[in-house]
Amino acid sequence: MARTPVIIDQWGNPIQRSVLKEEIAGPTLTGVRSPIAGYPGDGLNPERLAAILREADQGEPLRYFELAETIEERDLHYAGVLGTRKRSVAQIDISVDAAGDDTASVRHADMVREWLTRDELQEELFDILDAIGKGVSLTEIVWDTSEGQWRPGRLEWRDPRWFRFARDDGRTPMLRTDAGDQPLPAFKFVQLTIRAKSGLPVRSGIARLATWAWMFKAFTQRDWAIFTQTYGQPIRVGKYNAGATEEQKDTLFRAVANIAGDCAAIIPDGMVIEFIESKSVSQSTELYEKRSDWLDRQVSKAVLGQTATTDAIAGGHAVGREHRQVQEDIETADAKATSAVLNRDLIRPWVDLEFGPQDAYPRLRIARPDQEDLGQLADSLAKLVPLGLRVQASEVRDKYGLSDPEEGAEILMPPRVQPAPPPGDVPIGDPALQQQEAKSATGATGKDQKTARVETDAIDRLADEAEALAAPAGDALVDAIRELVLRADSLEDVRDGLSALRPDMPAEAFARAMQLALAYAELSGRAEIADRSN
């Protein structure tokens with residue numbers, strides 16, 4: 001009886017099919033995986049931030065992940081550039097390369113291609129790319145076995161707060177459970193790590209860098225708000241007479257205090273309210289704005305590698321193009337990392353579960369197609385195909401995005417070139433045009449057609465005579481060389497034989513043929529010159 005092969009994951013752990021059919025990392029209201037998060041960003045200062053980061057380094061990243069989530073919610077600039085980087089990869093078309101040309105490999109690749117057409121895939125990729133900010137993301141694979149098959153039903157993003165990393169290496173993710181931290185089952189999670197720098201996953205995310213910038217920016221914005229509240233409006237000064245009573249003073253104070261919000265007040269006759277405006281408010285506010293903008297630019301550099309696509313800077317189109325190229329390099333790196341993880345944690349496990357272990361597996365690729373100069377390709381084909389270059393028509397159609405023509409469809413054809421009428425034929429049409437075309441066809445401008453035909457026949461007879469005289473000599477030379485090659489045992493024998501070759505051929509015939517050929521060439525040249533001059 002055949003035994004079912006044991007399937008193991010990339011870390012050598014055997015799979016448990018019963019576990020794969022369940023969701024194991026969802027939230028629990030009363031357990032340790034609570035969907036309700038804390039807000040460690042409230043009242044954040046350098047001392048508290050250092051303590052949060054130190055906790056994460058020592059194996060408890062809960063507050064760090066909560067803080068990373070808070071920054072994305074409260075900092076508009078950070079949320080914008082981080083979302084741009086995620087979406088630039090999530091919306092790239094995905095292709096699948098079969099492991100080979102055999103039927104099984106093509107079947108496996110077609111299965112993956114069909115699954116990639118799901119509408120939910122782009123959102124799932126966006127969630128998987130949460131690793132860009134936090135350094136790591138863990139996505140649970142919910143397998144669909146409703147019809148006896150194995151198929152990824154959906155990819156569920158799981159909050160990184162519900163995981164820890166093993167104390168012994170700081171890299172192996174562990175699922176928080178009421179019974180303690182548990183290792184992740186095989187073939188159950190897509191684990192993506194994208195590092196802004198080398199190091200442990202919890203210390204390599206961009207959020208680790210952005211927390212400091214966000215905290216300093218929060219200080220600046222708070223001071224800016226206080227300054228605006230204090231000096232953004234003119235100072236109200238109330239003046240009362242020396243003999244004013246306490247009741248009159250209270251009335252004046254209420255008027256001064258309320259006039260900023262209500263813009264209206266009443267005071268007794270004889271009292272005065274003056275508005276004193278600050279003359280240097282605009283210069284003072286520039287300091288806060290410049291500092292906030294500077295911190296935003298540093299965040300742009302950390303997330304996108306450049307600032308031209310997010311901030312208005314000088315430099316023109318050339319600088320923008322260079323900065324965009326840097327962003328494209330980062331996009332390519334993210335796409336390659338995501339492709340590698342999906343191949344390792346999703347595609348290979350799926351094929352193993354559905355068809356058993358294979359020698360080779362289909363490969364998923366997230367990449368933008370190379371931009372090819374189709375105009376240059378068309379020029380090259382126009383030159384090389386007439387020289388004998390064989391090109392597959394379907395490959396050319398694919399490059400231009402053209403489909404194969406259907407049966408009975410109207411096909412574009414090259415225009416037909418009408419052959420020139422032979423000499424002596426009279427074209428049909430205008431009589432004056434007929435006479436002009438007849439003269440051009442015969443090359444007999446200024447002469448009648450009969451004379452032109454006689455000259456042409458004479459030249460043709462010279463050519464025929466030269467060919468007839470040279471034919472016997474040429475045949476004899478070809479026969480002698482053929483016999484020499486057949487008898488030779490090496491290339492050296494052929495070389496020596498050719499140097500000593502003296503075939504028996506009529507030399508007089510060759511000389512006569514050369515004379516006639518020279519005469520034919522001279523007469524042909526003169527006829528062509530005369531035709532062009534006329």
# chains A, B, ... in the order shown; residues from 1 in each chain; ligands from 1
>>> closest_atom_pairs(of="region 21-53 of chain A", to="region 171-188 of chain A", cutoff="7 Å", atoms="only C-alpha atoms", output="JSON lines")
{"residue": "A:Gly31", "atom": "CA", "partner": "A:Asp178", "partner_atom": "CA", "distance": 6.1}
{"residue": "A:Val32", "atom": "CA", "partner": "A:Asp178", "partner_atom": "CA", "distance": 6.2}
{"residue": "A:Arg33", "atom": "CA", "partner": "A:Arg176", "partner_atom": "CA", "distance": 6.9}
>>> write_last_selection(atoms="N, CA and C atoms", output="short mmCIF file (atom, residue, chain, number, x, y, z; two decimals), in the first residue's frame")
data_model
loop_
_atom_site.label_atom_id
_atom_site.label_comp_id
_atom_site.auth_asym_id
_atom_site.auth_seq_id
_atom_site.Cartn_x
_atom_site.Cartn_y
_atom_site.Cartn_z
N GLY A 31 -9.49 37.10 25.48
CA GLY A 31 -8.16 36.50 25.52
C GLY A 31 -7.06 37.53 25.35
N VAL A 32 -5.87 37.04 25.01
CA VAL A 32 -4.71 37.92 24.91
C VAL A 32 -4.66 38.64 23.57
N ARG A 33 -5.46 38.21 22.59
CA ARG A 33 -5.46 38.86 21.28
C ARG A 33 -6.66 39.80 21.18
#
>>> residues_around(residues="region 56-68 of chain A", least_positions_apart="4", cutoff="8 Å", atoms="only C-alpha atoms", output="number ranges by chain")
A: 37-41, 52, 72, 133-134, 160-162, 164-167, 170, 202-203, 207-208, 211
>>> closest_residue(among="A:Ser88, A:Ser95, A:Thr70, A:Asn45", to="Asp334 (chain A)", atoms="only C-alpha atoms")
A:Ser88
>>> residues_around(residues="region 392-409 of chain A", least_positions_apart="6", cutoff="12 Å", atoms="only C-alpha atoms", output="list in words")
Pro369, Asp370, Gln371, Glu372, Asp373, Leu374, Gly375, Leu377, Ala378, Leu381 and Val385 of chain A
>>> write_last_selection(atoms="C-alpha atoms", output="CSV table (one decimal), in the first residue's frame")
chain,number,residue,atom,x,y,z
A,369,PRO,CA,7.3,45.1,-17.8
A,370,ASP,CA,10.4,46.5,-19.3
A,371,GLN,CA,9.8,49.5,-21.4
A,372,GLU,CA,10.9,48.6,-25.0
A,373,ASP,CA,11.3,51.0,-27.9
A,374,LEU,CA,8.8,49.5,-30.3
A,375,GLY,CA,9.7,52.0,-33.0
A,377,LEU,CA,12.1,47.2,-33.0
A,378,ALA,CA,10.0,47.9,-36.1
A,381,LEU,CA,12.7,44.0,-38.2
A,385,VAL,CA,13.8,40.1,-41.9
>>> residues_around(residues="Gly83 (chain A)", least_positions_apart="2", cutoff="10 Å", atoms="only C-alpha atoms", output="PDB file with N, CA and C atoms, in the first residue's frame")
ATOM      1  N   GLU A  72       0.670  56.272  12.052  1.00  0.00           N
ATOM      2  CA  GLU A  72      -0.008  56.218  10.758  1.00  0.00           C
ATOM      3  C   GLU A  72      -1.359  56.939  10.815  1.00  0.00           C
ATOM      4  N   HIS A  77       1.402  63.235   6.712  1.00  0.00           N
ATOM      5  CA  HIS A  77       2.502  63.071   5.759  1.00  0.00           C
ATOM      6  C   HIS A  77       3.030  61.634   5.776  1.00  0.00           C
ATOM      7  N   TYR A  78       3.247  61.094   6.953  1.00  0.00           N
ATOM      8  CA  TYR A  78       3.748  59.724   7.061  1.00  0.00           C
ATOM      9  C   TYR A  78       2.762  58.727   6.462  1.00  0.00           C
ATOM     10  N   ALA A  79       1.476  58.927   6.739  1.00  0.00           N
ATOM     11  CA  ALA A  79       0.463  58.038   6.161  1.00  0.00           C
ATOM     12  C   ALA A  79       0.456  58.142   4.635  1.00  0.00           C
ATOM     13  N   GLY A  80       0.675  59.353   4.103  1.00  0.00           N
ATOM     14  CA  GLY A  80       0.652  59.529   2.654  1.00  0.00           C
ATOM     15  C   GLY A  80       1.813  58.848   1.954  1.00  0.00           C
ATOM     16  N   VAL A  81       3.038  59.065   2.438  1.00  0.00           N
ATOM     17  CA  VAL A  81       4.195  58.476   1.759  1.00  0.00           C
ATOM     18  C   VAL A  81       4.249  56.965   1.969  1.00  0.00           C
ATOM     19  N   ARG A  85       4.057  54.081  -1.075  1.00  0.00           N
ATOM     20  CA  ARG A  85       5.006  52.978  -1.273  1.00  0.00           C
ATOM     21  C   ARG A  85       4.289  51.627  -1.296  1.00  0.00           C
ATOM     22  N   LYS A  86       3.285  51.445  -0.458  1.00  0.00           N
ATOM     23  CA  LYS A  86       2.541  50.188  -0.463  1.00  0.00           C
ATOM     24  C   LYS A  86       1.773  49.998  -1.769  1.00  0.00           C
ATOM     25  N   ARG A  87       1.043  51.042  -2.166  1.00  0.00           N
ATOM     26  CA  ARG A  87       0.192  50.927  -3.358  1.00  0.00           C
ATOM     27  C   ARG A  87       1.003  50.797  -4.644  1.00  0.00           C
ATOM     28  N   SER A  88       2.206  51.353  -4.670  1.00  0.00           N
ATOM     29  CA  SER A  88       3.017  51.236  -5.876  1.00  0.00           C
ATOM     30  C   SER A  88       3.376  49.793  -6.184  1.00  0.00           C
ATOM     31  N   PHE A 126      -1.780  44.872  -0.198  1.00  0.00           N
ATOM     32  CA  PHE A 126      -1.583  46.107   0.563  1.00  0.00           C
ATOM     33  C   PHE A 126      -1.392  45.797   2.048  1.00  0.00           C
ATOM     34  N   LEU A 129       1.989  44.210   2.763  1.00  0.00           N
ATOM     35  CA  LEU A 129       3.060  45.202   2.735  1.00  0.00           C
ATOM     36  C   LEU A 129       3.068  46.108   3.965  1.00  0.00           C
ATOM     37  N   ASP A 130       2.267  45.784   4.978  1.00  0.00           N
ATOM     38  CA  ASP A 130       2.356  46.472   6.257  1.00  0.00           C
ATOM     39  C   ASP A 130       3.743  46.306   6.864  1.00  0.00           C
ATOM     40  N   ILE A 132       6.423  47.104   5.534  1.00  0.00           N
ATOM     41  CA  ILE A 132       7.274  48.248   5.198  1.00  0.00           C
ATOM     42  C   ILE A 132       7.389  49.185   6.392  1.00  0.00           C
ATOM     43  N   GLY A 133       6.273  49.429   7.071  1.00  0.00           N
ATOM     44  CA  GLY A 133       6.307  50.327   8.215  1.00  0.00           C
ATOM     45  C   GLY A 133       6.769  49.651   9.487  1.00  0.00           C
ATOM     46  N   VAL A 303      11.116  56.857   3.784  1.00  0.00           N
ATOM     47  CA  VAL A 303      10.099  55.970   3.214  1.00  0.00           C
ATOM     48  C   VAL A 303      10.297  55.783   1.715  1.00  0.00           C
TER      49      VAL A 303
END
>>> select_by_dssp(residues="region 366-414 of chain A", states="alpha helix (DSSP H)", output="list in words")
Leu374, Gly375, Gln376, Leu377, Ala378, Asp379, Ser380, Leu381, Ala382, Lys383, Leu384, Ala393, Ser394, Glu395, Val396, Arg397, Asp398, Lys399 and Tyr400 of chain A
>>> write_last_selection(atoms="C-alpha atoms", output="PDB file, in the first residue's frame")
ATOM      1  CA  LEU A 374       8.795  49.511 -30.283  1.00  0.00           C
ATOM      2  CA  GLY A 375       9.670  52.020 -32.990  1.00  0.00           C
ATOM      3  CA  GLN A 376      13.279  50.857 -33.015  1.00  0.00           C
ATOM      4  CA  LEU A 377      12.079  47.249 -32.999  1.00  0.00           C
ATOM      5  CA  ALA A 378       9.976  47.910 -36.112  1.00  0.00           C
ATOM      6  CA  ASP A 379      12.939  49.516 -37.903  1.00  0.00           C
ATOM      7  CA  SER A 380      15.194  46.596 -36.989  1.00  0.00           C
ATOM      8  CA  LEU A 381      12.686  44.037 -38.236  1.00  0.00           C
ATOM      9  CA  ALA A 382      12.246  45.941 -41.498  1.00  0.00           C
ATOM     10  CA  LYS A 383      16.001  45.686 -42.098  1.00  0.00           C
ATOM     11  CA  LEU A 384      16.781  42.216 -40.732  1.00  0.00           C
ATOM     12  CA  ALA A 393       4.970  36.397 -35.613  1.00  0.00           C
ATOM     13  CA  SER A 394       3.236  35.648 -32.290  1.00  0.00           C
ATOM     14  CA  GLU A 395       6.201  37.042 -30.356  1.00  0.00           C
ATOM     15  CA  VAL A 396       6.027  40.302 -32.280  1.00  0.00           C
ATOM     16  CA  ARG A 397       2.274  40.510 -31.674  1.00  0.00           C
ATOM     17  CA  ASP A 398       2.819  40.047 -27.930  1.00  0.00           C
ATOM     18  CA  LYS A 399       5.301  42.916 -27.809  1.00  0.00           C
ATOM     19  CA  TYR A 400       2.803  45.229 -29.496  1.00  0.00           C
TER      20      TYR A 400
END
>>> residues_around(residues="Leu125 (chain A)", least_positions_apart="5", cutoff="12 Å", atoms="only C-alpha atoms", output="VMD selection string")
chain A and resid 86 to 94 116 118 to 120 130 to 132 137 to 139 154 to 157 190 192 334 to 335 338 to 339 341 to 342 366
>>> write_last_selection(atoms="C-alpha atoms", output="compact mmCIF listing (two decimals), in the first residue's frame")
# COMPACT_ATOMS: atom_id res chain seq x y z
CA LYS A 86 2.54 50.19 -0.46
CA ARG A 87 0.19 50.93 -3.36
CA SER A 88 3.02 51.24 -5.88
CA VAL A 89 3.71 47.51 -5.36
CA ALA A 90 0.14 46.32 -4.68
CA GLN A 91 -1.15 47.56 -8.05
CA ILE A 92 1.62 46.03 -10.22
CA ASP A 93 0.45 43.24 -12.53
CA ILE A 94 1.52 39.76 -11.41
CA LEU A 116 -4.60 35.73 -9.14
CA ARG A 118 -9.45 37.57 -7.60
CA ASP A 119 -10.61 41.14 -6.94
CA GLU A 120 -9.49 40.97 -3.32
CA ASP A 130 2.36 46.47 6.26
CA ALA A 131 5.86 45.11 6.83
CA ILE A 132 7.27 48.25 5.20
CA SER A 137 3.74 41.42 8.72
CA LEU A 138 1.99 38.12 9.34
CA THR A 139 -0.94 37.10 7.15
CA ARG A 154 -8.46 34.43 1.45
CA LEU A 155 -5.42 36.03 3.05
CA GLU A 156 -6.27 37.59 6.43
CA TRP A 157 -4.01 40.30 7.84
CA VAL A 190 2.74 34.44 4.96
CA LEU A 192 7.04 39.16 5.11
CA ASP A 334 9.84 45.62 -2.37
CA ALA A 335 8.29 43.74 -5.30
CA THR A 338 7.14 40.17 -1.74
CA SER A 339 7.39 37.79 -4.70
CA VAL A 341 7.85 35.37 0.23
CA LEU A 342 4.65 34.52 -1.68
CA ILE A 366 5.60 41.04 -9.25
>>> atom_distance(atom1="CA of Leu364 (chain A)", atom2="CA of Asn13 (chain A)")
23.5 Å
>>> atom_distance(atom1="CA of Asp169 (chain A)", atom2="CA of Phe189 (chain A)")
19.3 Å
>>> residues_around(residues="Asp296 (chain A)", least_positions_apart="4", cutoff="10 Å", atoms="only C-alpha atoms", output="ChimeraX atom specification")
/A:75-78,81,210,213-214,217,290-292,300-302,307,310-311
>>> atom_distance(atom1="CA of Gly205 (chain A)", atom2="CA of Val136 (chain A)")
7.4 Å
>>> residues_around(residues="Trp350 (chain A)", least_positions_apart="2", cutoff="8 Å", atoms="only C-alpha atoms", output="list in words")
Trp150, Arg151, Pro152, Leu346, Ile347, Arg348, Asp352, Leu353 and Glu354 of chain A
>>> write_last_selection(atoms="N, CA and C atoms", output="PDB file, in the first residue's frame")
ATOM      1  N   TRP A 150      -7.534  21.852  -2.248  1.00  0.00           N
ATOM      2  CA  TRP A 150      -6.822  22.817  -1.416  1.00  0.00           C
ATOM      3  C   TRP A 150      -6.663  24.091  -2.229  1.00  0.00           C
ATOM      4  N   ARG A 151      -7.168  25.192  -1.680  1.00  0.00           N
ATOM      5  CA  ARG A 151      -7.120  26.460  -2.391  1.00  0.00           C
ATOM      6  C   ARG A 151      -7.118  27.594  -1.370  1.00  0.00           C
ATOM      7  N   PRO A 152      -6.252  28.606  -1.529  1.00  0.00           N
ATOM      8  CA  PRO A 152      -6.288  29.744  -0.604  1.00  0.00           C
ATOM      9  C   PRO A 152      -7.599  30.511  -0.761  1.00  0.00           C
ATOM     10  N   LEU A 346       3.263  30.614   0.081  1.00  0.00           N
ATOM     11  CA  LEU A 346       1.915  30.411  -0.458  1.00  0.00           C
ATOM     12  C   LEU A 346       1.901  29.477  -1.662  1.00  0.00           C
ATOM     13  N   ILE A 347       2.682  29.791  -2.686  1.00  0.00           N
ATOM     14  CA  ILE A 347       2.610  29.012  -3.933  1.00  0.00           C
ATOM     15  C   ILE A 347       3.120  27.591  -3.724  1.00  0.00           C
ATOM     16  N   ARG A 348       4.295  27.448  -3.160  1.00  0.00           N
ATOM     17  CA  ARG A 348       4.824  26.092  -2.959  1.00  0.00           C
ATOM     18  C   ARG A 348       3.960  25.265  -2.006  1.00  0.00           C
ATOM     19  N   ASP A 352       2.076  21.752  -3.056  1.00  0.00           N
ATOM     20  CA  ASP A 352       2.336  20.535  -2.273  1.00  0.00           C
ATOM     21  C   ASP A 352       1.044  19.930  -1.732  1.00  0.00           C
ATOM     22  N   LEU A 353       0.146  20.777  -1.239  1.00  0.00           N
ATOM     23  CA  LEU A 353      -1.104  20.273  -0.687  1.00  0.00           C
ATOM     24  C   LEU A 353      -2.011  19.695  -1.770  1.00  0.00           C
ATOM     25  N   GLU A 354      -2.008  20.315  -2.945  1.00  0.00           N
ATOM     26  CA  GLU A 354      -2.925  19.902  -4.006  1.00  0.00           C
ATOM     27  C   GLU A 354      -2.388  18.736  -4.833  1.00  0.00           C
TER      28      GLU A 354
END
